[in-house]
Each structure stands twice: as C-alpha cells, then as structure tokens.
file query.txt (compact mmCIF, C-alpha atoms)
# COMPACT_ATOMS: atom_id res chain seq x y z
CA MET A 431 -28.35 -22.36 -4.72
CA ALA A 432 -28.63 -20.45 -1.45
CA SER A 433 -25.49 -19.81 0.50
CA SER A 434 -25.03 -21.04 4.06
CA ALA A 435 -24.97 -17.40 5.09
CA ASP A 436 -28.39 -16.78 3.55
CA ARG A 437 -29.80 -19.93 5.16
CA ALA A 438 -28.49 -18.72 8.51
CA GLY A 439 -30.45 -15.50 8.09
CA GLY A 440 -27.51 -13.23 7.32
CA THR A 441 -25.16 -12.29 4.50
CA GLU A 442 -21.63 -13.63 4.63
CA LEU A 443 -18.91 -11.81 2.77
CA ALA A 444 -15.38 -13.20 2.63
CA LEU A 445 -12.41 -10.83 2.40
CA VAL A 446 -8.63 -11.29 2.32
CA ALA A 447 -5.96 -8.63 2.81
CA GLY A 448 -2.28 -9.51 3.09
CA GLU A 449 -0.71 -6.13 3.80
CA VAL A 450 -1.31 -2.89 5.69
CA SER A 451 -2.60 -1.01 2.62
CA GLY A 452 -5.11 -3.75 1.79
CA ASP A 453 -6.28 -3.86 5.40
CA MET A 454 -7.03 -0.14 5.23
CA LEU A 455 -8.86 -0.39 1.90
CA ALA A 456 -10.96 -3.39 2.91
CA ALA A 457 -11.91 -1.87 6.27
CA ARG A 458 -13.26 1.23 4.55
CA LEU A 459 -15.31 -0.93 2.19
CA MET A 460 -16.66 -2.95 5.14
CA ALA A 461 -17.74 0.26 6.88
CA GLY A 462 -19.54 1.34 3.70
CA LEU A 463 -21.37 -1.98 3.39
CA LYS A 464 -22.71 -2.17 6.94
CA PRO A 465 -25.58 0.35 6.54
CA HIS A 466 -26.82 -1.61 3.50
CA LEU A 467 -26.28 -5.08 5.01
CA PRO A 468 -27.01 -4.73 8.74
CA ASP A 469 -26.83 -8.52 9.26
CA VAL A 470 -23.57 -8.96 7.36
CA ARG A 471 -20.87 -11.32 8.64
CA PHE A 472 -17.29 -10.80 7.52
CA THR A 473 -14.88 -13.73 7.39
CA GLY A 474 -11.46 -14.34 5.82
CA ILE A 475 -8.05 -12.88 6.64
CA GLY A 476 -7.23 -9.31 7.58
CA GLY A 477 -5.44 -6.91 9.87
CA PRO A 478 -6.37 -4.61 12.77
CA ARG A 479 -8.58 -2.21 10.79
CA MET A 480 -10.63 -5.07 9.35
CA LEU A 481 -10.88 -6.67 12.79
CA GLU A 482 -12.28 -3.37 14.11
CA GLN A 483 -15.02 -3.66 11.47
CA GLY A 484 -15.96 -7.14 12.72
CA LEU A 485 -13.87 -9.49 10.58
CA HIS A 486 -13.33 -13.02 11.86
CA SER A 487 -9.77 -13.63 10.65
CA GLU A 488 -8.68 -17.24 10.24
CA VAL A 489 -4.97 -16.42 10.61
CA PRO A 490 -3.12 -13.20 11.48
CA MET A 491 -2.62 -11.04 8.41
CA ASP A 492 1.14 -10.94 9.05
CA THR A 493 1.20 -14.65 8.19
CA LEU A 494 0.62 -13.73 4.54
CA THR A 495 3.01 -10.81 4.27
CA VAL A 496 5.95 -11.57 1.98
CA ARG A 497 7.71 -9.51 -0.69
CA GLY A 498 9.72 -10.38 -3.80
CA LEU A 499 9.76 -13.29 -6.21
CA PHE A 500 12.33 -15.49 -4.52
CA GLU A 501 11.40 -14.50 -0.97
CA VAL A 502 8.08 -16.37 -1.32
CA ILE A 503 9.68 -19.72 -2.24
CA PRO A 504 10.59 -20.89 1.30
CA ARG A 505 7.02 -20.17 2.43
CA TYR A 506 5.17 -21.42 -0.64
CA ARG A 507 3.77 -24.59 0.94
CA GLU A 508 2.61 -22.72 4.02
CA LEU A 509 0.86 -20.00 2.00
CA LYS A 510 -0.64 -22.53 -0.42
CA GLY A 511 -1.99 -24.50 2.52
CA ILE A 512 -3.70 -21.42 3.92
CA GLN A 513 -5.16 -20.64 0.51
CA ASN A 514 -6.44 -24.19 0.01
CA ARG A 515 -8.06 -24.39 3.44
CA LEU A 516 -9.80 -21.05 2.91
CA ARG A 517 -10.91 -22.10 -0.59
CA ASP A 518 -12.41 -25.34 0.68
CA ARG A 519 -14.32 -23.61 3.45
CA LEU A 520 -15.71 -20.91 1.15
CA LEU A 521 -16.77 -23.40 -1.51
CA ARG A 522 -18.56 -25.31 1.24
CA GLU A 523 -20.18 -22.30 2.95
CA ARG A 524 -20.73 -20.26 -0.25
CA PRO A 525 -20.58 -16.60 0.85
CA ALA A 526 -22.48 -14.00 -1.14
CA ALA A 527 -19.18 -12.77 -2.59
CA PHE A 528 -15.45 -12.90 -2.10
CA ILE A 529 -13.47 -9.64 -1.99
CA GLY A 530 -9.72 -9.71 -2.45
CA ALA A 531 -8.08 -6.54 -1.14
CA ASP A 532 -4.95 -6.12 -3.24
CA TYR A 533 -2.36 -8.91 -2.55
CA PRO A 534 -2.82 -10.31 -6.08
CA GLY A 535 -0.34 -13.19 -5.85
CA PHE A 536 -2.55 -14.86 -3.25
CA ASN A 537 -5.98 -13.43 -4.02
CA LEU A 538 -6.18 -13.86 -7.80
CA GLY A 539 -5.44 -17.58 -7.55
CA LEU A 540 -8.08 -17.95 -4.86
CA GLU A 541 -10.57 -15.84 -6.81
CA GLU A 542 -10.11 -17.95 -9.94
CA GLN A 543 -11.03 -21.11 -8.05
CA LEU A 544 -13.97 -19.52 -6.24
CA ARG A 545 -15.42 -17.96 -9.38
CA ALA A 546 -15.16 -21.30 -11.18
CA GLY A 547 -17.17 -22.70 -8.27
CA GLY A 548 -19.94 -20.13 -8.75
CA ILE A 549 -18.98 -17.56 -6.09
CA PRO A 550 -18.85 -13.94 -7.36
CA THR A 551 -15.45 -12.32 -6.88
CA VAL A 552 -14.50 -8.69 -6.45
CA HIS A 553 -10.89 -7.58 -6.53
CA PHE A 554 -10.14 -4.30 -4.77
CA VAL A 555 -7.21 -2.47 -6.38
CA GLY A 556 -6.26 -3.53 -9.88
CA PRO A 557 -2.85 -5.24 -10.00
CA GLN A 558 -0.36 -2.97 -11.67
CA ILE A 559 -0.60 -4.71 -15.03
CA TRP A 560 0.31 -1.37 -16.60
CA ALA A 561 3.70 -1.52 -14.89
CA TRP A 562 4.53 -5.17 -14.21
CA ARG A 563 3.40 -8.47 -15.69
CA GLY A 564 1.00 -7.24 -18.36
CA GLY A 565 0.10 -10.85 -19.22
CA ARG A 566 -1.74 -11.12 -15.90
CA ILE A 567 -4.84 -9.64 -17.54
CA LYS A 568 -5.79 -13.10 -18.86
CA LYS A 569 -5.86 -14.49 -15.34
CA ILE A 570 -7.90 -11.49 -14.19
CA GLN A 571 -10.44 -12.17 -16.93
CA ARG A 572 -10.94 -15.67 -15.51
CA ALA A 573 -10.75 -14.77 -11.84
CA VAL A 574 -12.56 -11.47 -11.30
CA SER A 575 -16.28 -10.74 -11.58
CA HIS A 576 -15.75 -7.04 -10.90
CA MET A 577 -12.65 -4.92 -10.38
CA LEU A 578 -12.55 -1.89 -8.07
CA LEU A 579 -9.99 0.67 -9.18
CA ILE A 580 -8.29 3.44 -7.21
CA PHE A 581 -6.56 5.18 -10.13
CA PRO A 582 -8.60 6.91 -12.86
CA PHE A 583 -6.50 5.85 -15.87
CA GLU A 584 -7.06 2.14 -15.13
CA GLU A 585 -10.74 2.01 -16.13
CA GLU A 586 -10.00 2.06 -19.84
CA ILE A 587 -7.43 -0.76 -19.51
CA TYR A 588 -9.97 -3.10 -17.91
CA ARG A 589 -12.82 -2.00 -20.13
CA GLN A 590 -10.79 -2.89 -23.21
CA ALA A 591 -10.03 -6.28 -21.66
CA GLY A 592 -13.72 -6.96 -21.03
CA VAL A 593 -13.41 -6.93 -17.23
CA PRO A 594 -16.23 -5.04 -15.46
CA ALA A 595 -14.56 -2.30 -13.44
CA THR A 596 -15.44 0.77 -11.36
CA TYR A 597 -13.16 3.67 -10.46
CA ILE A 598 -13.98 4.45 -6.85
CA GLY A 599 -11.31 7.03 -6.01
CA HIS A 600 -8.48 6.49 -3.57
CA PRO A 601 -9.47 6.28 0.13
CA LEU A 602 -6.29 8.07 1.16
CA ALA A 603 -7.43 11.15 -0.76
CA GLU A 604 -10.40 11.36 1.61
CA GLN A 605 -8.42 10.73 4.78
CA ILE A 606 -5.65 13.25 4.11
CA PRO A 607 -6.74 16.91 4.13
CA LEU A 608 -6.17 19.06 1.08
CA ALA A 609 -4.28 21.50 3.33
CA PRO A 610 -2.50 19.48 6.07
CA ASP A 611 -1.84 21.21 9.40
CA VAL A 612 1.95 21.14 9.67
CA ALA A 613 2.11 23.06 12.95
CA ALA A 614 -0.35 20.73 14.69
CA ALA A 615 1.56 17.65 13.52
CA ARG A 616 4.82 19.10 14.86
CA ARG A 617 3.21 19.91 18.20
CA ARG A 618 1.99 16.33 18.54
CA LEU A 619 5.50 15.07 17.80
CA GLY A 620 7.23 17.63 20.04
CA ILE A 621 9.11 19.25 17.14
CA PRO A 622 9.65 23.04 16.99
CA GLU A 623 7.62 24.75 14.29
CA ASP A 624 10.70 26.39 12.77
CA ALA A 625 12.82 23.21 12.56
CA LYS A 626 13.93 21.63 9.28
CA VAL A 627 12.53 18.08 9.28
CA VAL A 628 13.29 15.08 7.10
CA THR A 629 11.03 12.05 7.54
CA VAL A 630 12.52 8.66 6.72
CA MET A 631 10.11 5.83 5.79
CA PRO A 632 11.89 2.49 5.26
CA GLY A 633 8.63 0.57 4.83
CA SER A 634 6.35 -1.63 6.93
CA ARG A 635 7.43 -4.98 5.46
CA MET A 636 10.45 -6.71 6.91
CA ALA A 637 12.00 -7.22 3.47
CA GLU A 638 11.78 -3.50 2.72
CA ILE A 639 13.50 -2.69 5.99
CA LYS A 640 16.14 -5.35 5.34
CA TYR A 641 17.25 -3.82 2.05
CA LEU A 642 16.76 -0.12 2.79
CA ALA A 643 17.59 0.47 6.46
CA THR A 644 21.35 0.93 6.12
CA ALA A 645 21.15 3.01 2.94
CA PHE A 646 18.59 5.31 4.57
CA ALA A 647 20.57 5.62 7.82
CA GLY A 648 23.75 6.29 5.83
CA ALA A 649 21.98 9.06 3.96
CA VAL A 650 20.83 10.55 7.26
CA LYS A 651 24.41 10.70 8.55
CA LEU A 652 25.58 12.46 5.38
CA LEU A 653 22.75 14.98 5.55
CA ALA A 654 23.39 15.65 9.24
CA ARG A 655 27.01 16.49 8.43
CA ARG A 656 25.82 18.92 5.77
CA ASP A 657 23.38 20.64 8.15
CA PRO A 658 23.46 19.56 11.82
CA SER A 659 20.27 21.51 12.54
CA VAL A 660 18.08 19.18 10.45
CA ARG A 661 15.85 16.84 12.47
CA PHE A 662 15.36 13.28 11.23
CA ILE A 663 12.37 11.17 12.25
CA ALA A 664 11.25 7.69 11.16
CA PRO A 665 7.79 6.25 11.90
CA MET A 666 7.89 2.54 12.72
CA ALA A 667 4.96 0.33 11.71
CA GLY A 668 5.28 -1.87 14.82
CA GLU A 669 7.59 -3.15 17.54
CA ARG A 670 8.87 -5.98 15.36
CA GLN A 671 9.81 -3.60 12.55
CA LYS A 672 11.40 -1.19 15.01
CA ALA A 673 13.54 -3.89 16.63
CA TYR A 674 14.66 -5.19 13.24
CA PHE A 675 15.50 -1.70 12.00
CA MET A 676 17.60 -1.00 15.10
CA ALA A 677 19.37 -4.35 14.81
CA LEU A 678 20.31 -3.69 11.19
CA LEU A 679 21.70 -0.27 12.05
CA ALA A 680 23.73 -1.71 14.92
CA GLN A 681 25.08 -4.46 12.68
CA ALA A 682 26.17 -1.87 10.10
CA GLY A 683 27.72 0.47 12.68
CA LEU A 684 25.06 3.12 12.07
CA SER A 685 23.45 3.26 15.51
CA ASP A 686 24.80 6.79 15.89
CA ALA A 687 22.72 8.10 12.98
CA PRO A 688 20.70 11.04 14.40
CA LEU A 689 17.37 9.41 13.63
CA ALA A 690 14.45 9.52 16.08
CA LEU A 691 12.23 6.44 15.78
CA ILE A 692 8.52 7.17 16.25
CA ASP A 693 5.98 4.50 17.19
CA GLY A 694 3.28 4.76 14.52
CA GLN A 695 2.02 8.30 13.78
CA SER A 696 3.12 7.99 10.17
CA HIS A 697 0.73 10.69 8.97
CA ASP A 698 1.95 13.13 11.60
CA CYS A 699 5.54 12.32 10.59
CA ILE A 700 4.75 13.05 6.94
CA ALA A 701 2.77 16.20 7.72
CA ALA A 702 5.61 17.52 9.88
CA ALA A 703 8.24 16.95 7.19
CA ASP A 704 9.95 19.40 4.87
CA ALA A 705 11.15 16.45 2.76
CA VAL A 706 10.67 12.67 2.86
CA LEU A 707 12.86 9.70 1.99
CA ALA A 708 10.50 6.77 1.35
CA ALA A 709 10.42 3.17 0.26
CA SER A 710 8.44 2.68 -2.94
CA GLY A 711 4.84 1.76 -2.20
CA THR A 712 1.63 3.24 -0.86
CA ALA A 713 3.62 5.55 1.45
CA THR A 714 4.82 7.53 -1.57
CA LEU A 715 1.21 8.34 -2.47
CA GLU A 716 0.56 9.41 1.12
CA VAL A 717 3.55 11.74 0.91
CA ALA A 718 2.23 13.21 -2.35
CA LEU A 719 -1.20 13.79 -0.82
CA PHE A 720 0.49 15.63 2.04
CA LYS A 721 2.14 17.77 -0.71
CA LYS A 722 5.69 16.96 0.41
CA PRO A 723 8.84 16.79 -1.73
CA MET A 724 10.23 13.26 -1.65
CA VAL A 725 12.87 10.81 -2.80
CA ILE A 726 11.80 7.23 -3.59
CA ALA A 727 13.98 4.15 -3.15
CA TYR A 728 13.42 0.51 -4.04
CA LYS A 729 15.58 -2.53 -3.28
CA VAL A 730 14.92 -6.28 -3.28
CA MET A 731 16.93 -9.50 -3.29
CA ARG A 732 19.37 -9.49 -6.21
CA ALA A 733 17.81 -12.52 -7.95
CA SER A 734 14.34 -10.95 -7.72
CA TRP A 735 15.67 -7.70 -9.15
CA GLU A 736 17.30 -9.40 -12.15
CA ILE A 737 13.93 -10.85 -13.11
CA MET A 738 11.79 -7.84 -12.24
CA ARG A 739 13.85 -5.29 -14.13
CA HIS A 740 13.10 -7.14 -17.37
CA MET A 741 9.37 -7.33 -16.65
CA GLY A 742 8.47 -3.67 -16.28
CA TYR A 743 7.38 -1.61 -19.23
CA LEU A 744 6.86 1.73 -17.53
CA PRO A 745 9.81 3.97 -16.78
CA TRP A 746 8.47 4.76 -13.29
CA ILE A 747 8.06 2.73 -10.12
CA GLY A 748 6.79 5.34 -7.63
CA LEU A 749 3.06 6.00 -7.54
CA PRO A 750 3.34 9.82 -7.78
CA ASN A 751 5.42 9.48 -10.95
CA ILE A 752 3.09 6.87 -12.42
CA LEU A 753 0.08 9.12 -11.82
CA ALA A 754 1.89 12.16 -13.21
CA ARG A 755 3.25 10.11 -16.16
CA GLU A 756 6.66 11.69 -15.62
CA PHE A 757 9.48 11.86 -13.09
CA VAL A 758 8.12 14.55 -10.79
CA VAL A 759 10.27 13.16 -7.95
CA PRO A 760 13.51 11.15 -8.17
CA GLU A 761 13.64 7.36 -7.90
CA PHE A 762 16.67 5.28 -6.96
CA LEU A 763 16.40 1.59 -7.70
CA GLN A 764 18.53 -1.27 -6.39
CA HIS A 765 22.28 -0.48 -6.71
CA ALA A 766 21.57 3.19 -7.47
CA ALA A 767 20.06 3.64 -3.98
CA THR A 768 23.35 4.52 -2.29
CA PRO A 769 23.59 6.71 0.82
CA GLN A 770 25.34 9.46 -1.14
CA ALA A 771 22.83 9.50 -4.00
CA LEU A 772 19.89 9.51 -1.59
CA ALA A 773 21.42 12.26 0.55
CA ASP A 774 22.10 14.49 -2.46
CA ALA A 775 18.56 14.04 -3.77
CA VAL A 776 16.96 14.70 -0.38
CA TRP A 777 19.06 17.84 0.03
CA PHE A 778 17.72 19.18 -3.26
CA GLN A 779 14.14 18.43 -2.23
CA LEU A 780 14.79 20.12 1.10
CA THR A 781 16.37 23.33 -0.21
CA ASP A 782 15.22 24.15 -3.76
CA GLU A 783 12.21 26.45 -3.27
CA ALA A 784 11.15 26.57 -6.93
CA ASN A 785 10.99 22.78 -7.01
CA ARG A 786 9.09 22.67 -3.72
CA SER A 787 6.48 25.12 -4.98
CA ARG A 788 6.06 23.21 -8.24
CA LEU A 789 5.56 19.91 -6.40
CA ARG A 790 2.95 21.38 -4.05
CA GLN A 791 0.79 22.37 -7.02
CA ARG A 792 1.28 19.06 -8.85
CA PHE A 793 0.37 17.09 -5.76
CA LEU A 794 -2.68 19.27 -5.06
CA ASP A 795 -3.95 18.58 -8.58
CA MET A 796 -3.27 14.87 -8.04
CA HIS A 797 -5.21 14.96 -4.78
CA HIS A 798 -8.29 16.42 -6.48
CA SER A 799 -8.16 13.76 -9.22
CA LEU A 800 -8.24 10.95 -6.62
CA LEU A 801 -10.94 12.42 -4.40
CA ARG A 802 -14.21 10.45 -4.36
CA ASN A 803 -16.47 8.90 -1.70
CA SER A 804 -14.65 5.59 -2.00
CA ALA A 805 -16.63 3.76 0.71
CA GLU A 806 -19.92 4.61 -1.01
CA GLU A 807 -18.67 3.89 -4.53
CA SER A 808 -17.04 0.57 -3.62
CA SER A 809 -19.94 -0.67 -1.51
CA ARG A 810 -22.39 0.17 -4.32
CA ALA A 811 -20.34 -1.90 -6.76
CA VAL A 812 -20.16 -4.86 -4.35
CA LEU A 813 -23.92 -4.69 -3.70
CA GLU A 814 -24.55 -4.83 -7.46
CA VAL A 815 -22.38 -7.94 -7.72
CA ILE A 816 -24.29 -9.59 -4.86
CA HIS A 817 -27.69 -8.70 -6.34
CA GLN A 818 -26.68 -9.96 -9.79
CA ARG A 819 -25.98 -13.29 -8.21
call {"tool": "encode", "arguments": {"input": "query.txt", "output": "structure tokens"}}
result
Amino acid sequence: MASSADRAGGTELALVAGEVSGDMLAARLMAGLKPHLPDVRFTGIGGPRMLEQGLHSEVPMDTLTVRGLFEVIPRYRELKGIQNRLRDRLLRERPAAFIGADYPGFNLGLEEQLRAGGIPTVHFVGPQIWAWRGGRIKKIQRAVSHMLLIFPFEEEIYRQAGVPATYIGHPLAEQIPLAPDVAAARRRLGIPEDAKVVTVMPGSRMAEIKYLATAFAGAVKLLARRDPSVRFIAPMAGERQKAYFMALLAQAGLSDAPLALIDGQSHDCIAAADAVLAASGTATLEVALFKKPMVIAYKVMRASWEIMRHMGYLPWIGLPNILAREFVVPEFLQHAATPQALADAVWFQLTDEANRSRLRQRFLDMHHSLLRNSAEESSRAVLEVIHQR
C-alpha cells in the first residue's frame, strides 16, 4: 500500500527526539538523507537542530523532556496523549519510515505500534540494555526494524538477539577535533591562556540541575578556598536552565560561589578546561573526546534511585568508563556526590600530571574507535529500510 507521502509525490519520514542529544543525532541523519531524498518531508517532534533541517514539529521538544522513573508519573497522561495522537496520524498517513532518536521510554512504545501497523521503524541509539533493564531486548525485537548504534561493542548484543543493527560511529567524534584548540577556546571566552580552569556541567535537564546544582556549587567553593586562582565556568543550556540554577544556588545560600555562568558555548567551555565536573550523560563523552580529566556525578529522586540501583548490572554509569570497561575517571552516585567528595576528586584531576597524561592517551584512543562518517552510514541504513519496504 502506497503511503500518503508517496501519493503526494514526496517521501515522508517521521522522527521523534525528546532530548538535546537526540535532536543532534537526528539532525545529522536528516542532513545525510537529503542528498538521496531531495523531495523528503520530515515530520514528528524535535528540537532546534532538527527544525533547522526542515522538521515540522507537532509540539516543542521540551514538552517530552522528563527524567527518572517517578518524575514521569505526574505527566504520564499528557505524554501518552501526545504519543497516541502522533501514532494515529502516522498510521493514517503512513510515512516511508519512522525514526526514533534515542528517548526509548517514548519511542519504543510508539515504534512497536507503528511496526505492528506495517510502518518500518528505525531506532537511533540502542537503549543501554547492557547497563539498565536488560529485559528490554524483547520489546526491541517487536518494535524495531533496524537499530543504529553509536558504540562498537553493541553490534554483537543486537546480532545475538536477532535485531538487524548497524554501527555508524558517534557523531560527536566527527564534530570534536582530535586535537582541540585550547587557546582559541579561551580567547573566545575571555579567559587568560595561563589560567587554571574548571568547567562545571550540571546538565541540560531541569531534574539534573535540581539534584546537582548545590553539590556542584558547594564543590566549587571548597576548591576556590584551596586555590583562589582557579577559574570556574558553567555553560548553561538555556535561559530557563540558567534561571533555575541561579534560584537553587540562592535558596541554598551559595550565590557567592565563584562560578561564571556562560550562555551556551559548551564545547568552548570544555575545550578551555583543565578539569571538568559533569553530570552523567552525553556531556561526559564530549569531555572525553576533548581529552579532559573529569569527575562524573549522578543524582535522582530518592525513590527512583532505590529502584534503579537494583536494575543495573554494570559497575559503571559514565560513558567514558563504560567504553573503557573500567573506572578511568571517578563516579559519585546519589548520596556519595557530596561537595567535599567532588572537590577532592576534581582537585586530583586538576593537579596529578601522570593521571592527566594517561587520560589524554586513553581518550585519544577512544576518539579513534568512535570515528566514522555517521551521517553517511546512518542514512545508508535508513535508505535500505525504506527500499526493503
């Protein structure tokens, strides 16, 4: 049966991203598809990068952004309503394929229903079944026609499960230079080349900021007492995040923390750093690709943590450690992420030269292992799925 897109003389592809990292991944895929599908129309839900590539987004991407197991409960009906409306439209219009960019809690459920209705589904970024919720593979088998993978060790996992999968490399490995220009980044930020710089990254999601802001600011104050010459900078993902971060610090009496808030420019802030304190997530991989020593922290609502800590079966939570299969950088989870513990760990990353040299080489090797033409590889896989249909 021809899709409405085909009958209209073009190819419709539906995509959904629910977070900043998915928006970036999907936008790169969209750019790779355009030369092969010059009449393509992109619909679904996405953020600013996907909008730049021509996506018609049904709701703002921020509407979908939520973190943690219990945090989603108050918004379940709203999110389910968005999913159902999108499902009904896609089953009616029948795009050539649906592409879910990460955000598995929303996308896998939608993909399962669309695939059952005869629409091919591609999921971009395999859910971390090797770290959390290993039983999810059964749902993936039902929901996903083809999986696009950004980590090399994942291919064998999906192949053994009978899920067609392609390792396409990690787009960040292409965007971040193998040898970042520290001096240029510092000039753009107005920081002296000889300064000691610690970059603080409390996350782009409001829940991350909620649970990490005061611990990170407390660590900054302790480090500043130890060495008043250190400069502390924190890139803010947007005005809303910045205002919330400042409000939390004021509420905790930490407004005097010597922390300069930067609007955007996260890559410059990482490149300029001598050490980084980061929320667990994609940012930790960015820091590794910039070859920077780091400390990783992770905090969620207490009830979510009590459930999640029994679900994981890897000893690591940070992406650099997962890729290295060992603790190459320290992680502080939940109650362990105290200002004192974070400050002590950052100080070590800032001052131990043997450790800094070792990390630079490990992260350079990691960078090479993730380096592919991801736009070309991912678009080729999507085109094969469309043509098979």
call {"tool": "residues_around", "arguments": {"input": "query.txt", "residues": "Leu642 in chain A", "least_positions_apart": "6", "cutoff": "8 Å", "atoms": "all atoms listed in the file", "output": "list in words"}}
result
Pro632, Ala709, Ala727, Tyr728 and Lys729 of chain A
call {"tool": "closest_residue", "arguments": {"input": "query.txt", "among": "A:Pro468, A:Val446, A:Pro622, A:Glu807", "to": "Leu540 in chain A", "atoms": "all atoms listed in the file"}}
result
A:Val446
call {"tool": "residues_around", "arguments": {"input": "query.txt", "residues": "Gln695 in chain A", "least_positions_apart": "4", "cutoff": "12 Å", "atoms": "only C-alpha atoms", "output": "NGL selection string"}}
result
:A and (615-616 or 618-619 or 629 or 631 or 663-668 or 691 or 699-702)
call {"tool": "residues_around", "arguments": {"input": "query.txt", "residues": "Asp704 in chain A", "least_positions_apart": "3", "cutoff": "9 Å", "atoms": "all atoms listed in the file", "output": "MDAnalysis selection string"}}
result
chainID A and resid 626:629 700:701 722:724 779:780
call {"tool": "closest_residue", "arguments": {"input": "query.txt", "among": "A:Ala447, A:Leu521, A:Ala703, A:Leu749", "to": "Ala625 in chain A", "atoms": "all atoms listed in the file"}}
result
A:Ala703
call {"tool": "atom_distance", "arguments": {"input": "query.txt", "atom1": "CA of Met454 in chain A", "atom2": "CA of Val552 in chain A"}}
result
16.3 Å
call {"tool": "closest_residue", "arguments": {"input": "query.txt", "among": "A:Gly748, A:Gly633, A:Gly599, A:Pro534", "to": "Ser804 in chain A", "atoms": "only C-alpha atoms"}}
result
A:Gly599
call {"tool": "atom_distance", "arguments": {"input": "query.txt", "atom1": "CA of Arg755 in chain A", "atom2": "CA of Lys568 in chain A"}}
result
25.1 Å
call {"tool": "closest_residue", "arguments": {"input": "query.txt", "among": "A:Lys672, A:His576, A:Lys569, A:Arg522", "to": "Glu542 in chain A", "atoms": "all atoms listed in the file"}}
result
A:Lys569
call {"tool": "atom_distance", "arguments": {"input": "query.txt", "atom1": "CA of Tyr506 in chain A", "atom2": "CA of Tyr674 in chain A"}}
result
23.4 Å
call {"tool": "closest_residue", "arguments": {"input": "query.txt", "among": "A:Ala609, A:Leu772, A:Met480, A:Ala526", "to": "Glu814 in chain A", "atoms": "only C-alpha atoms"}}
result
A:Ala526
call {"tool": "closest_residue", "arguments": {"input": "query.txt", "among": "A:Leu463, A:Ala591, A:Ile606, A:Ala613", "to": "Leu800 in chain A", "atoms": "only C-alpha atoms"}}
result
A:Ile606
call {"tool": "residues_around", "arguments": {"input": "query.txt", "residues": "Ser451 in chain A", "least_positions_apart": "5", "cutoff": "10 Å", "atoms": "all atoms listed in the file", "output": "ChimeraX atom specification"}}
result
/A:456,477,531-533,602,634,711-713
call {"tool": "residues_around", "arguments": {"input": "query.txt", "residues": "Pro607 in chain A", "least_positions_apart": "4", "cutoff": "12 Å", "atoms": "all atoms listed in the file", "output": "PyMOL selection string"}}
result
chain A and resi 601-603+611-612+697+701+716-721+794+797-798+801
